[in-house]
$ cat protein26.txt   # compact mmCIF, C-alpha atoms
# COMPACT_ATOMS: atom_id res chain seq x y z
CA MET H 1 63.11 -47.27 52.40
CA TRP H 2 59.93 -48.10 54.28
CA SER H 3 57.96 -48.60 51.14
CA SER H 4 59.04 -52.23 51.00
CA ARG H 5 57.62 -52.80 54.44
CA VAL H 6 54.31 -51.43 53.43
CA ALA H 7 54.37 -53.54 50.32
CA SER H 8 55.18 -56.72 52.16
CA GLY H 9 52.47 -56.08 54.68
CA GLY H 10 50.08 -55.52 51.85
CA VAL H 11 50.20 -59.01 50.43
CA LEU H 12 47.99 -60.38 53.12
CA GLN H 13 45.52 -57.58 52.68
CA LEU H 14 45.44 -57.90 48.95
CA ASP H 15 44.78 -61.57 49.08
CA ASN H 16 42.09 -61.84 51.66
CA PRO H 17 40.16 -65.08 51.41
CA TRP H 18 37.26 -63.61 53.35
CA HIS H 19 36.55 -61.33 50.42
CA ARG H 20 36.02 -64.35 48.25
CA LEU H 21 33.73 -66.05 50.74
CA PRO H 22 30.47 -64.79 49.15
CA TRP H 23 31.05 -66.81 46.02
CA VAL H 24 33.30 -69.55 47.34
CA LEU H 25 30.82 -70.80 49.90
CA PRO H 26 27.84 -71.11 47.54
CA CYS H 27 30.08 -72.84 45.03
CA ALA H 28 31.21 -75.30 47.68
CA LEU H 29 27.61 -75.95 48.65
CA LEU H 30 26.71 -76.49 45.03
CA ILE H 31 29.52 -78.96 44.51
CA TRP H 32 28.58 -80.83 47.66
CA ALA H 33 24.96 -80.94 46.55
CA THR H 34 26.08 -82.36 43.22
CA MET H 35 28.09 -85.03 44.97
CA LEU H 36 25.10 -85.90 47.12
CA TRP H 37 23.00 -86.06 44.01
CA LEU H 38 25.41 -88.49 42.41
CA ALA H 39 25.44 -90.50 45.62
CA GLY H 40 21.64 -90.56 45.53
CA ILE H 41 21.67 -91.86 41.99
CA TYR H 42 24.16 -94.49 43.04
CA LEU H 43 22.01 -95.50 45.97
CA LYS H 44 18.97 -95.79 43.76
CA HIS H 45 20.93 -97.93 41.36
CA LEU H 46 21.99 -100.07 44.28
CA GLN H 47 18.43 -100.46 45.46
CA GLN H 48 17.26 -101.51 42.04
CA ASN H 49 19.92 -104.14 41.97
CA LEU H 50 18.76 -105.31 45.35
CA THR H 51 15.16 -105.63 44.34
CA GLU H 52 16.13 -107.69 41.36
CA VAL H 53 17.19 -110.46 43.66
CA LYS H 54 14.69 -113.22 43.26
CA PRO H 55 12.26 -113.78 46.07
CA ILE H 56 12.80 -116.83 48.09
CA GLU H 57 10.37 -119.54 47.46
CA ALA H 58 9.92 -122.27 49.92
CA GLN H 59 7.95 -125.36 49.51
CA LEU H 60 7.17 -128.23 51.65
CA ILE H 61 8.16 -131.64 50.59
CA GLU H 62 7.09 -134.53 52.61
CA LEU H 63 9.47 -137.33 52.93
CA PRO H 64 7.83 -140.60 53.57
CA PRO H 65 9.11 -142.64 56.35
CA PRO H 66 9.69 -146.19 55.29
CA PRO H 67 6.58 -148.19 54.89
CA ALA H 68 5.80 -149.82 58.07
CA PRO H 69 6.52 -153.49 58.08
CA GLU H 70 3.41 -154.28 59.89
CA VAL H 71 1.22 -157.19 60.17
CA GLN H 72 0.37 -157.02 56.60
CA PRO H 73 0.77 -159.95 54.34
CA PRO H 74 4.07 -160.02 52.60
CA ALA H 75 2.62 -159.69 49.18
CA PRO H 76 1.82 -156.00 49.13
CA GLU H 77 5.10 -155.03 50.65
CA THR H 78 7.16 -156.00 47.71
CA PRO H 79 5.88 -153.40 45.32
CA GLU H 80 7.37 -150.90 47.58
CA PRO H 81 7.66 -147.42 46.14
CA GLU H 82 11.10 -148.29 44.98
CA PRO H 83 11.44 -146.33 41.77
CA ILE H 84 11.50 -143.12 43.56
CA LYS H 85 11.79 -140.48 40.99
CA ARG H 86 12.94 -137.26 42.40
CA ARG H 87 10.04 -135.16 41.84
CA ILE H 88 10.89 -131.67 42.65
CA ILE H 89 8.12 -129.38 42.13
CA VAL H 90 9.34 -126.22 40.65
CA LYS H 91 6.64 -123.78 40.88
CA PRO H 92 6.03 -120.11 40.34
CA LYS H 93 4.26 -118.10 42.92
CA ILE H 94 0.88 -119.55 42.48
CA PRO H 95 -0.82 -119.49 45.82
CA LYS H 96 -2.09 -122.96 45.27
CA PRO H 97 -0.37 -125.75 47.07
CA VAL H 98 2.24 -127.40 45.03
CA ILE H 99 2.85 -130.50 46.80
CA GLU H 100 1.42 -133.50 45.21
CA HIS H 101 0.61 -136.59 46.89
CA LYS H 102 1.41 -139.61 45.07
CA LEU H 103 -0.64 -142.34 46.33
CA PRO H 104 0.89 -145.70 46.08
CA PRO H 105 -0.92 -148.06 43.83
CA PRO H 106 -3.88 -149.31 45.63
CA GLU H 107 -2.69 -152.75 46.13
CA THR H 108 -5.01 -153.48 48.80
CA PRO H 109 -4.39 -155.87 51.51
CA PRO H 110 -7.24 -157.12 53.59
CA PRO H 111 -8.93 -154.39 55.46
CA GLN H 112 -7.22 -153.49 58.57
CA PRO H 113 -9.14 -153.16 61.66
CA ARG H 114 -7.73 -149.88 62.72
CA LEU H 115 -6.20 -146.88 61.19
CA GLN H 116 -3.25 -146.61 63.35
CA THR H 117 -0.12 -145.64 61.70
CA GLU H 118 2.38 -145.05 64.30
CA THR H 119 5.53 -146.01 62.65
CA PRO H 120 8.82 -144.80 63.87
CA PRO H 121 9.45 -142.21 61.25
CA VAL H 122 13.18 -142.20 61.33
CA GLN H 123 15.69 -144.51 59.71
CA GLN H 124 14.55 -143.29 56.44
CA PRO H 125 16.27 -144.42 53.30
CA PRO H 126 18.40 -141.50 52.30
CA LYS H 127 17.59 -141.62 48.64
CA SER H 128 14.11 -140.28 48.90
CA ALA H 129 15.36 -136.83 49.37
CA SER H 130 12.55 -134.86 48.01
CA VAL H 131 9.97 -137.26 47.01
CA VAL H 132 6.46 -136.60 47.80
CA GLU H 133 4.88 -139.64 49.07
CA PRO H 134 2.18 -140.06 51.53
CA ARG H 135 2.64 -142.13 54.49
CA SER H 136 -0.41 -144.04 53.90
CA THR H 137 -2.80 -144.86 56.57
CA ILE H 138 -4.76 -146.86 54.27
CA GLY H 139 -7.38 -149.11 55.42
CA GLY H 140 -7.82 -152.04 53.18
CA GLY H 141 -9.72 -151.19 50.07
CA ASN H 142 -10.00 -147.80 51.45
CA VAL H 143 -8.31 -144.50 51.13
CA GLY H 144 -6.00 -142.96 53.63
CA ALA H 145 -6.24 -139.37 54.62
CA HIS H 146 -4.50 -136.98 52.35
CA ALA H 147 -3.99 -133.30 52.39
CA ILE H 148 -5.99 -131.22 49.99
CA PHE H 149 -4.82 -127.78 51.01
CA GLN H 150 -1.18 -127.33 51.79
CA PRO H 151 -0.05 -123.73 52.09
CA LYS H 152 3.67 -123.14 52.24
CA PRO H 153 5.42 -121.35 55.04
CA GLU H 154 7.05 -118.05 54.32
CA ILE H 155 10.65 -118.23 55.34
CA PRO H 156 12.24 -114.90 56.14
CA ASP H 157 15.64 -114.15 54.65
CA GLU H 158 17.64 -114.57 57.77
CA LEU H 159 16.33 -118.07 58.36
CA ARG H 160 17.16 -119.20 54.89
CA GLN H 161 20.34 -121.00 55.76
CA GLU H 162 18.78 -122.73 58.70
CA ALA H 163 15.67 -123.72 56.87
CA MET H 164 17.60 -125.41 54.13
CA LYS H 165 18.71 -128.29 56.22
CA ALA H 166 15.71 -128.40 58.48
CA ILE H 167 13.73 -131.59 58.57
CA ALA H 168 10.79 -132.09 60.84
CA ILE H 169 8.23 -134.76 61.36
CA ALA H 170 4.69 -133.68 61.92
CA ARG H 171 1.86 -135.78 63.15
CA PHE H 172 -1.59 -134.91 61.94
CA HIS H 173 -4.68 -136.16 63.64
CA VAL H 174 -7.27 -136.02 60.97
CA ALA H 175 -10.83 -135.99 62.13
CA PRO H 176 -13.58 -137.53 60.05
CA ASP H 177 -14.68 -134.09 58.97
CA GLY H 178 -11.29 -133.36 57.51
CA SER H 179 -10.09 -130.94 60.13
CA ALA H 180 -6.73 -131.75 61.58
CA THR H 181 -4.66 -131.01 64.59
CA VAL H 182 -0.96 -131.07 64.22
CA GLU H 183 2.03 -131.51 66.44
CA LEU H 184 5.68 -131.71 65.67
CA ILE H 185 6.91 -135.01 66.97
CA LYS H 186 10.38 -134.28 65.75
CA PRO H 187 10.96 -130.55 65.53
CA THR H 188 13.81 -128.84 63.74
CA ASN H 189 16.63 -127.31 65.68
CA ASN H 190 15.43 -123.79 65.17
CA PRO H 191 12.48 -122.70 67.29
CA ARG H 192 11.52 -119.97 64.90
CA ILE H 193 11.29 -122.37 62.02
CA ASN H 194 9.23 -124.68 64.19
CA GLN H 195 6.90 -121.85 64.95
CA LEU H 196 6.55 -120.96 61.30
CA LEU H 197 6.00 -124.57 60.36
CA LEU H 198 3.36 -125.12 62.98
CA ASN H 199 1.52 -121.99 62.00
CA THR H 200 1.48 -123.12 58.42
CA LEU H 201 0.68 -126.74 59.04
CA LYS H 202 -2.30 -125.75 61.14
CA GLN H 203 -3.87 -124.41 58.02
CA TRP H 204 -3.65 -127.67 56.16
CA ARG H 205 -6.88 -129.37 55.30
CA PHE H 206 -7.30 -133.03 54.74
CA PHE H 207 -9.49 -135.41 52.97
CA PRO H 208 -10.29 -137.87 55.70
CA ALA H 209 -9.40 -141.48 55.56
CA LEU H 210 -12.12 -143.74 54.33
CA ILE H 211 -12.92 -147.15 55.46
CA ASP H 212 -15.50 -148.83 53.39
CA GLY H 213 -16.41 -145.49 52.03
CA LYS H 214 -16.93 -143.95 55.42
CA PRO H 215 -14.72 -141.19 56.76
CA VAL H 216 -12.96 -142.07 59.94
CA ALA H 217 -10.42 -140.42 62.16
CA SER H 218 -6.87 -141.23 61.38
CA THR H 219 -3.38 -140.23 62.22
CA GLN H 220 -0.75 -139.39 59.74
CA ASP H 221 2.93 -138.72 60.15
CA LEU H 222 4.56 -136.54 57.56
CA ARG H 223 8.14 -135.78 57.13
CA ILE H 224 8.52 -132.11 56.37
CA HIS H 225 11.45 -130.90 54.44
CA LEU H 226 11.82 -127.30 53.42
CA GLU H 227 13.21 -126.55 50.08
CA ILE H 228 14.40 -123.10 49.51
CA LYS H 229 14.75 -121.78 46.03
CA MET F 1 14.30 -84.86 39.51
CA MET F 2 17.66 -83.73 40.75
CA LEU F 3 16.10 -82.34 43.89
CA HIS F 4 14.38 -85.64 44.43
CA ASP F 5 17.65 -87.49 44.17
CA ILE F 6 19.31 -85.11 46.59
CA HIS F 7 16.40 -85.56 48.94
CA GLU F 8 16.81 -89.30 48.67
CA ALA F 9 20.50 -89.05 49.43
CA LEU F 10 19.73 -86.81 52.39
CA THR F 11 17.24 -89.27 53.80
CA ALA F 12 19.83 -91.98 53.42
CA LEU F 13 22.30 -89.72 55.19
CA LYS F 14 19.96 -89.27 58.12
CA PHE F 15 20.58 -92.88 59.05
CA GLY F 16 24.11 -91.85 59.84
CA GLY F 17 22.82 -90.08 62.94
CA ILE F 18 23.72 -86.71 64.34
CA MET F 19 27.35 -86.98 63.34
CA ILE F 20 26.26 -86.44 59.76
CA TYR F 21 25.74 -82.74 60.38
CA PRO F 22 29.28 -81.85 61.46
CA LEU F 23 30.49 -84.04 58.64
CA MET F 24 28.44 -82.07 56.14
CA ALA F 25 29.72 -78.80 57.56
CA LEU F 26 33.26 -80.10 57.37
CA ALA F 27 32.72 -81.16 53.78
CA VAL F 28 31.44 -77.75 52.73
CA LEU F 29 34.25 -76.02 54.60
CA ALA F 30 36.91 -78.19 53.01
CA LEU F 31 35.41 -77.70 49.58
CA ALA F 32 35.33 -73.94 50.13
CA VAL F 33 39.02 -73.97 51.03
CA VAL F 34 39.80 -76.11 48.01
CA LEU F 35 37.93 -73.74 45.73
CA ASP F 36 39.59 -70.69 47.24
CA LYS F 37 43.05 -72.19 46.91
CA ALA F 38 42.38 -73.30 43.37
CA PHE F 39 41.26 -69.80 42.51
CA VAL F 40 44.34 -68.23 44.10
CA TYR F 41 46.77 -70.51 42.30
CA TRP F 42 44.96 -70.18 39.02
CA ARG F 43 44.65 -66.43 39.18
CA TYR F 44 47.46 -65.00 41.34
CA VAL F 45 50.31 -67.48 41.39
CA ARG F 46 51.18 -67.61 37.77
CA LEU F 47 54.23 -66.39 35.97
CA PRO F 48 53.89 -65.78 32.23
CA ALA F 49 56.42 -67.72 30.19
CA ASP F 50 57.91 -64.63 28.51
CA LEU F 51 58.60 -62.97 31.85
CA LEU F 52 60.19 -66.17 33.12
CA GLY F 53 62.43 -66.34 30.07
CA LEU F 54 63.39 -62.72 30.52
CA VAL F 55 64.52 -63.18 34.10
CA GLU F 56 66.26 -66.46 33.36
CA THR F 57 68.49 -64.96 30.65
CA TYR F 58 69.53 -61.92 32.70
CA ASN F 59 68.89 -60.04 29.50
CA PHE F 60 66.52 -57.27 30.40
CA ALA F 61 66.39 -53.60 31.06
CA TRP F 62 65.08 -52.66 34.50
CA PRO F 63 62.36 -50.30 33.24
CA ASP F 64 61.12 -52.97 30.86
CA LEU F 65 60.91 -55.50 33.68
CA ALA F 66 59.06 -53.03 35.87
CA ARG F 67 56.55 -52.40 33.10
CA ARG F 68 55.89 -56.08 32.62
CA LEU F 69 55.50 -56.63 36.34
CA THR F 70 52.89 -53.94 36.66
CA ALA F 71 51.08 -55.59 33.78
CA LEU F 72 50.74 -58.70 35.92
CA GLY F 73 48.39 -56.86 38.23
CA PRO F 74 48.79 -55.87 41.84
CA ARG F 75 47.68 -59.18 43.30
CA ASN F 76 50.06 -61.48 41.53
CA TYR F 77 52.40 -63.03 44.06
CA PHE F 78 55.35 -63.19 41.67
CA GLY F 79 54.67 -59.59 40.68
CA ARG F 80 54.71 -58.41 44.27
CA PHE F 81 57.86 -60.36 45.06
CA PHE F 82 59.79 -58.92 42.13
CA GLN F 83 58.46 -55.46 42.83
CA VAL F 84 60.04 -55.58 46.27
CA ILE F 85 63.42 -56.41 44.76
CA LEU F 86 63.01 -53.74 42.11
CA ALA F 87 61.97 -51.10 44.57
CA ASN F 88 65.02 -51.79 46.74
CA ARG F 89 67.59 -52.24 44.03
CA ALA F 90 69.32 -48.98 44.94
CA GLN F 91 70.02 -50.39 48.42
CA PRO F 92 72.94 -52.62 49.33
CA SER F 93 72.49 -56.20 48.25
CA TRP F 94 72.21 -57.56 51.82
CA TRP F 95 69.28 -55.21 52.30
CA VAL F 96 67.60 -56.38 49.13
CA GLU F 97 68.08 -60.01 50.10
CA SER F 98 66.66 -59.40 53.51
CA ARG F 99 63.58 -57.64 52.15
CA ALA F 100 63.04 -60.35 49.55
CA GLY F 101 63.25 -62.94 52.36
CA ASP F 102 60.63 -61.04 54.32
CA GLU F 103 58.34 -60.89 51.36
CA ALA F 104 58.77 -64.60 50.63
CA GLN F 105 57.84 -65.37 54.20
CA GLN F 106 54.68 -63.33 53.91
CA ILE F 107 53.82 -65.01 50.66
CA GLU F 108 54.36 -68.42 52.17
CA LYS F 109 52.11 -67.55 55.05
CA SER F 110 49.48 -66.31 52.69
CA LEU F 111 49.65 -69.36 50.46
CA ALA F 112 49.48 -71.74 53.41
CA ARG F 113 46.43 -70.00 54.76
CA GLY F 114 43.51 -72.33 55.24
CA LEU F 115 45.50 -75.44 54.51
CA TRP F 116 45.19 -76.40 58.15
CA VAL F 117 41.47 -76.85 57.52
CA LEU F 118 42.23 -79.50 54.90
CA GLU F 119 44.81 -81.12 57.12
CA THR F 120 42.37 -81.31 60.01
CA THR F 121 39.65 -82.64 57.75
CA VAL F 122 41.89 -85.47 56.61
CA THR F 123 42.12 -86.88 60.11
CA GLY F 124 38.95 -85.48 61.58
CA ALA F 125 36.38 -86.59 59.03
CA PRO F 126 36.96 -90.36 59.32
CA LEU F 127 36.95 -90.09 63.09
CA LEU F 128 33.68 -88.20 63.08
CA GLY F 129 32.24 -90.75 60.69
CA LEU F 130 33.39 -93.57 62.89
CA LEU F 131 31.81 -91.93 65.88
CA GLY F 132 28.55 -91.62 63.96
CA THR F 133 28.71 -95.28 63.01
CA ILE F 134 29.34 -96.35 66.55
CA ILE F 135 26.41 -94.31 67.79
CA GLY F 136 24.24 -95.83 65.08
CA MET F 137 25.38 -99.32 66.02
CA MET F 138 24.60 -98.71 69.63
CA ASN F 139 21.11 -97.73 68.61
CA ALA F 140 20.81 -100.79 66.42
CA PHE F 141 21.83 -103.14 69.17
CA ARG F 142 19.44 -101.52 71.55
CA LEU F 143 16.75 -103.40 69.63
CA ILE F 144 17.74 -106.48 71.52
CA GLY F 145 16.94 -105.14 74.91
CA SER F 146 13.66 -103.47 74.11
CA ASN F 147 11.15 -106.26 74.53
CA GLY F 148 13.29 -109.30 74.73
CA LEU F 149 12.80 -110.07 71.09
CA VAL F 150 15.72 -110.02 68.76
CA ASP F 151 15.05 -108.85 65.28
CA PRO F 152 18.17 -109.83 63.39
CA GLY F 153 17.01 -107.95 60.34
CA GLY F 154 16.64 -104.85 62.45
CA VAL F 155 20.12 -105.15 63.89
CA THR F 156 21.94 -105.79 60.66
CA GLY F 157 19.87 -103.17 58.91
CA GLY F 158 20.73 -100.63 61.57
CA VAL F 159 24.40 -101.46 61.35
CA ALA F 160 24.36 -101.15 57.60
CA GLN F 161 22.68 -97.78 57.83
CA ALA F 162 25.11 -96.60 60.46
CA LEU F 163 28.02 -97.41 58.18
CA ILE F 164 27.04 -94.57 55.91
CA ALA F 165 28.56 -92.10 58.37
CA THR F 166 31.96 -93.74 58.04
CA ALA F 167 31.60 -93.86 54.28
CA ILE F 168 30.89 -90.14 54.11
CA GLY F 169 33.72 -89.36 56.50
CA ILE F 170 36.23 -91.32 54.45
CA LEU F 171 35.00 -89.76 51.23
CA ILE F 172 35.51 -86.27 52.62
CA ALA F 173 38.90 -87.21 54.04
CA VAL F 174 40.10 -88.59 50.73
CA ILE F 175 39.07 -85.47 48.87
CA ALA F 176 40.74 -83.27 51.47
CA LEU F 177 43.87 -85.41 51.45
CA PHE F 178 44.36 -85.15 47.72
CA ALA F 179 43.64 -81.43 47.76
CA PHE F 180 46.00 -80.81 50.68
CA ASN F 181 48.88 -82.67 49.08
CA PHE F 182 48.25 -81.01 45.76
CA PHE F 183 48.22 -77.49 47.16
CA SER F 184 51.20 -78.17 49.41
CA ARG F 185 53.11 -79.19 46.36
CA LEU F 186 51.99 -76.14 44.40
CA GLN F 187 53.04 -73.93 47.28
CA ALA F 188 56.49 -75.50 47.51
CA GLN F 189 56.90 -75.18 43.77
CA ALA F 190 55.90 -71.51 43.76
CA LEU F 191 58.24 -70.66 46.63
CA ASP F 192 61.13 -72.52 45.00
CA GLU F 193 60.54 -70.64 41.80
CA MET F 194 60.46 -67.31 43.64
CA GLU F 195 63.68 -68.05 45.46
CA ARG F 196 65.45 -69.06 42.30
CA LEU F 197 64.28 -66.06 40.26
CA GLY F 198 64.85 -63.68 43.17
CA THR F 199 68.45 -64.83 43.39
CA ARG F 200 68.84 -64.13 39.71
CA LEU F 201 67.51 -60.62 40.05
CA ILE F 202 69.81 -59.89 42.98
CA ASP F 203 72.75 -61.33 41.03
CA ARG F 204 71.85 -59.03 38.22
CA ILE F 205 71.85 -56.06 40.60
CA ARG F 206 75.30 -57.01 41.85
CA LEU F 207 76.57 -57.43 38.33
CA ASP F 208 75.31 -53.99 37.35
CA ARG F 209 77.01 -52.45 40.35
CA GLN F 210 80.32 -54.18 39.61
CA GLU F 211 80.25 -53.02 36.01
CA LYS F 212 79.58 -49.50 37.20
CA GLU F 213 82.60 -49.64 39.54
CA VAL F 214 84.82 -51.09 36.84
CA ARG F 215 83.74 -48.33 34.49
CA ARG F 216 84.43 -45.71 37.14
CA GLU F 217 87.90 -47.13 37.78
CA VAL F 218 88.64 -47.18 34.08
CA ALA F 219 87.55 -43.63 33.78
$ encode --input "protein26.txt" --output "structure tokens"
Amino acid sequence: MWSSRVASGGVLQLDNPWHRLPWVLPCALLIWATMLWLAGIYLKHLQQNLTEVKPIEAQLIELPPPPAPEVQPPAPETPEPEPIKRRIIVKPKIPKPVIEHKLPPPETPPPQPRLQTETPPVQQPPKSASVVEPRSTIGGGNVGAHAIFQPKPEIPDELRQEAMKAIAIARFHVAPDGSATVELIKPTNNPRINQLLLNTLKQWRFFPALIDGKPVASTQDLRIHLEIK
Amino acid sequence: MMLHDIHEALTALKFGGIMIYPLMALAVLALAVVLDKAFVYWRYVRLPADLLGLVETYNFAWPDLARRLTALGPRNYFGRFFQVILANRAQPSWWVESRAGDEAQQIEKSLARGLWVLETTVTGAPLLGLLGTIIGMMNAFRLIGSNGLVDPGGVTGGVAQALIATAIGILIAVIALFAFNFFSRLQAQALDEMERLGTRLIDRIRLDRQEKEVRREVA
């Protein structure tokens, strides 16, 4: 009669999970390790995909302000750099500066007495989006200052969006020896980009303006436009 | 190679913060329960098809059934359940039913053992992961206050790393959820089967007794 009681009490004893613990626990650890391993492989795969993203390349493109309608005779003004071909310099990561200066044809007006070139840089024709054109501070029969070393700023990822629409105007004071000081007369909206720009522009080196073959101090305004690729 | 990958995963996990450790423990615990349950159902809660057919058709001799049940082994749940009915078949039927009910209750308790771990894991793991993520985010945002400089990369990076805790928590919870539902279903199925077959056996006992009485009256 009481045998059934004993039997029913025995089920729990017979099936005691704690007895199986010595092999269940290592198995569980093993399975978990395998899952972690798979997750690690997945992460690695993910990282590889991430590194395949192309590095951001930025380059500076100077937008010329409109040629200053100064006291010059009307003749030279007509051959204005009208046929502005969009010259976008696509460049690999060569450390060399990419930006080319295209000097306007040396139609030379009579020599100007001074190398001032303080033109209001704004009201720029919109078409010249990415044309590289120097804002010439050309003395007559002479050469204006032009940059010979133009390193590009390195734009960090998080500033990419901002930098794309950033346009700044920098004023270079080029000394006769080619050294230049720079200030941003119209900065971009983002202070960090300004900082980056200034740091980079400080490294620019110029070929000084020449008047009658002699280097003189000059001032040059450049419109800086960042292109992000 | 494999060890390296695991190491890599572990270093990635460290970004989840301290909450990763309880999560790992929970994961191993849940997996252990899953393995144990799987083993029990695979090994001890199985009824061979021929035995099932035998009970279903009412067409068996009691000694034959007893022999087959002992062949199932002492730990088989079906075996133990039927043994209880067999051992008490000389008793009145209400007694047999009562004992079979007792046994079924014990079996249910035994089958449900450890399932609470899975059930707790289902809700607990995501919460632990979330907690880890929040702690990680708090650390990430602390970058702002440190020296007045904001490093956006640092903040977003920290947040991204902190999210791994939630990911792990949800992964564990999903595994536990599926396992819990699966084993709950297996348990319900096994108990239903036992109840059905137990009723058949008891019916058979009653039938035998009635036939005996009829024979005695005829004699």
$ atom_distance --input "protein26.txt" --atom1 "CA of Ala217 in chain H" --atom2 "CA of Arg205 in chain H"
13.5 Å
$ residues_around --input "protein26.txt" --residues "range 219-222 of chain H" --least-positions-apart "4" --cutoff "6 Å" --atoms "all atoms listed in the file" --output "list in words"
Glu62, Ile169, Ala170, Arg171, Phe172, His173 and Val174 of chain H
$ closest_residue --input "protein26.txt" --among "F:Val40, F:Leu111, F:Glu8, F:Ile134" --to "Arg20 in chain H" --atoms "only C-alpha atoms"
F:Val40
$ atom_distance --input "protein26.txt" --atom1 "CA of His146 in chain H" --atom2 "CA of Gly213 in chain H"
14.6 Å
$ closest_residue --input "protein26.txt" --among "H:Ala180, H:Thr188, H:Gly144, H:Arg160" --to "Asp212 in chain H" --atoms "only C-alpha atoms"
H:Gly144
$ atom_distance --input "protein26.txt" --atom1 "CA of Ala112 in chain F" --atom2 "CA of Gln83 in chain F"
21.4 Å
$ closest_atom_pairs --input "protein26.txt" --of "chain F" --to "chain H" --cutoff "9 Å" --atoms "only C-alpha atoms" --output "CSV"
residue,atom,partner,partner_atom,distance
F:Met2,CA,H:Trp37,CA,6.7
F:Leu3,CA,H:Trp37,CA,7.8
F:His4,CA,H:Trp37,CA,8.6
F:Asp5,CA,H:Gly40,CA,5.2
F:Ile6,CA,H:Trp37,CA,4.6
F:His7,CA,H:Gly40,CA,8.0
F:Glu8,CA,H:Gly40,CA,5.9
F:Ala9,CA,H:Gly40,CA,4.3
F:Leu10,CA,H:Leu36,CA,7.6
F:Ala12,CA,H:Gly40,CA,8.2
F:Met24,CA,H:Trp32,CA,8.6
F:Ala27,CA,H:Trp32,CA,7.4
F:Val28,CA,H:Ala28,CA,5.6
F:Leu29,CA,H:Ala28,CA,7.6
F:Ala30,CA,H:Ala28,CA,8.3
F:Leu31,CA,H:Ala28,CA,5.2
F:Ala32,CA,H:Ala28,CA,5.0
F:Val33,CA,H:Val24,CA,8.1
F:Val34,CA,H:Ala28,CA,8.6
F:Leu35,CA,H:Val24,CA,6.4
F:Asp36,CA,H:Val24,CA,6.4
F:Lys37,CA,H:Pro17,CA,8.9
F:Val40,CA,H:Asp15,CA,8.3
F:Tyr44,CA,H:Asp15,CA,8.9
F:Pro74,CA,H:Leu14,CA,8.1
F:Arg75,CA,H:Leu14,CA,6.2
F:Tyr77,CA,H:Val11,CA,7.8
F:Arg80,CA,H:Val11,CA,7.7
F:Phe81,CA,H:Ser8,CA,8.4
F:Gln83,CA,H:Ala7,CA,8.7
F:Val84,CA,H:Ser4,CA,5.9
F:Ile85,CA,H:Ser4,CA,8.7
F:Ala87,CA,H:Ser4,CA,7.2
F:Asn88,CA,H:Ser4,CA,7.4
F:Gln91,CA,H:Met1,CA,8.6
F:Arg99,CA,H:Ser4,CA,7.2
F:Asp102,CA,H:Ser8,CA,7.3
F:Glu103,CA,H:Ser8,CA,5.3
F:Ala104,CA,H:Ser8,CA,8.8
F:Gln106,CA,H:Ser8,CA,6.9
F:Ile107,CA,H:Val11,CA,7.0
F:Lys109,CA,H:Leu12,CA,8.5
F:Ser110,CA,H:Leu12,CA,6.1
F:Arg113,CA,H:Pro17,CA,8.6
F:Gly114,CA,H:Pro17,CA,8.9
F:Pro152,CA,H:Glu158,CA,7.4
F:Gly153,CA,H:Glu158,CA,7.1
$ residues_near_point --input "protein26.txt" --point "(25.9, -90.7, 61.1)" --cutoff "12 Å" --atoms "only C-alpha atoms" --output "VMD selection string"
chain F and resid 10 to 24 125 to 139 158 to 169
$ residues_around --input "protein26.txt" --residues "Arg200 in chain F" --least-positions-apart "3" --cutoff "12 Å" --atoms "only C-alpha atoms" --output "VMD selection string"
chain F and resid 52 to 60 82 85 97 193 to 197 203 to 207
$ write_last_selection --input "protein26.txt" --atoms "C-alpha atoms" --output "compact mmCIF listing (two decimals), in the frame of the given file"
# COMPACT_ATOMS: atom_id res chain seq x y z
CA LEU F 52 60.19 -66.17 33.12
CA GLY F 53 62.43 -66.34 30.07
CA LEU F 54 63.39 -62.72 30.52
CA VAL F 55 64.52 -63.18 34.10
CA GLU F 56 66.26 -66.46 33.36
CA THR F 57 68.49 -64.96 30.65
CA TYR F 58 69.53 -61.92 32.70
CA ASN F 59 68.89 -60.04 29.50
CA PHE F 60 66.52 -57.27 30.40
CA PHE F 82 59.79 -58.92 42.13
CA ILE F 85 63.42 -56.41 44.76
CA GLU F 97 68.08 -60.01 50.10
CA GLU F 193 60.54 -70.64 41.80
CA MET F 194 60.46 -67.31 43.64
CA GLU F 195 63.68 -68.05 45.46
CA ARG F 196 65.45 -69.06 42.30
CA LEU F 197 64.28 -66.06 40.26
CA ASP F 203 72.75 -61.33 41.03
CA ARG F 204 71.85 -59.03 38.22
CA ILE F 205 71.85 -56.06 40.60
CA ARG F 206 75.30 -57.01 41.85
CA LEU F 207 76.57 -57.43 38.33
$ residues_around --input "protein26.txt" --residues "Arg46 in chain F" --least-positions-apart "5" --cutoff "10 Å" --atoms "all atoms listed in the file" --output "PyMOL selection string"
chain F and resi 40-41+72+76-79+190
$ write_last_selection --input "protein26.txt" --atoms "C-alpha atoms" --output "PDB file, in the coordinates of the input"
ATOM      1  CA  VAL F  40      44.340 -68.230  44.100  1.00  0.00           C
ATOM      2  CA  TYR F  41      46.770 -70.510  42.300  1.00  0.00           C
ATOM      3  CA  LEU F  72      50.740 -58.700  35.920  1.00  0.00           C
ATOM      4  CA  ASN F  76      50.060 -61.480  41.530  1.00  0.00           C
ATOM      5  CA  TYR F  77      52.400 -63.030  44.060  1.00  0.00           C
ATOM      6  CA  PHE F  78      55.350 -63.190  41.670  1.00  0.00           C
ATOM      7  CA  GLY F  79      54.670 -59.590  40.680  1.00  0.00           C
ATOM      8  CA  ALA F 190      55.900 -71.510  43.760  1.00  0.00           C
TER       9      ALA F 190
END
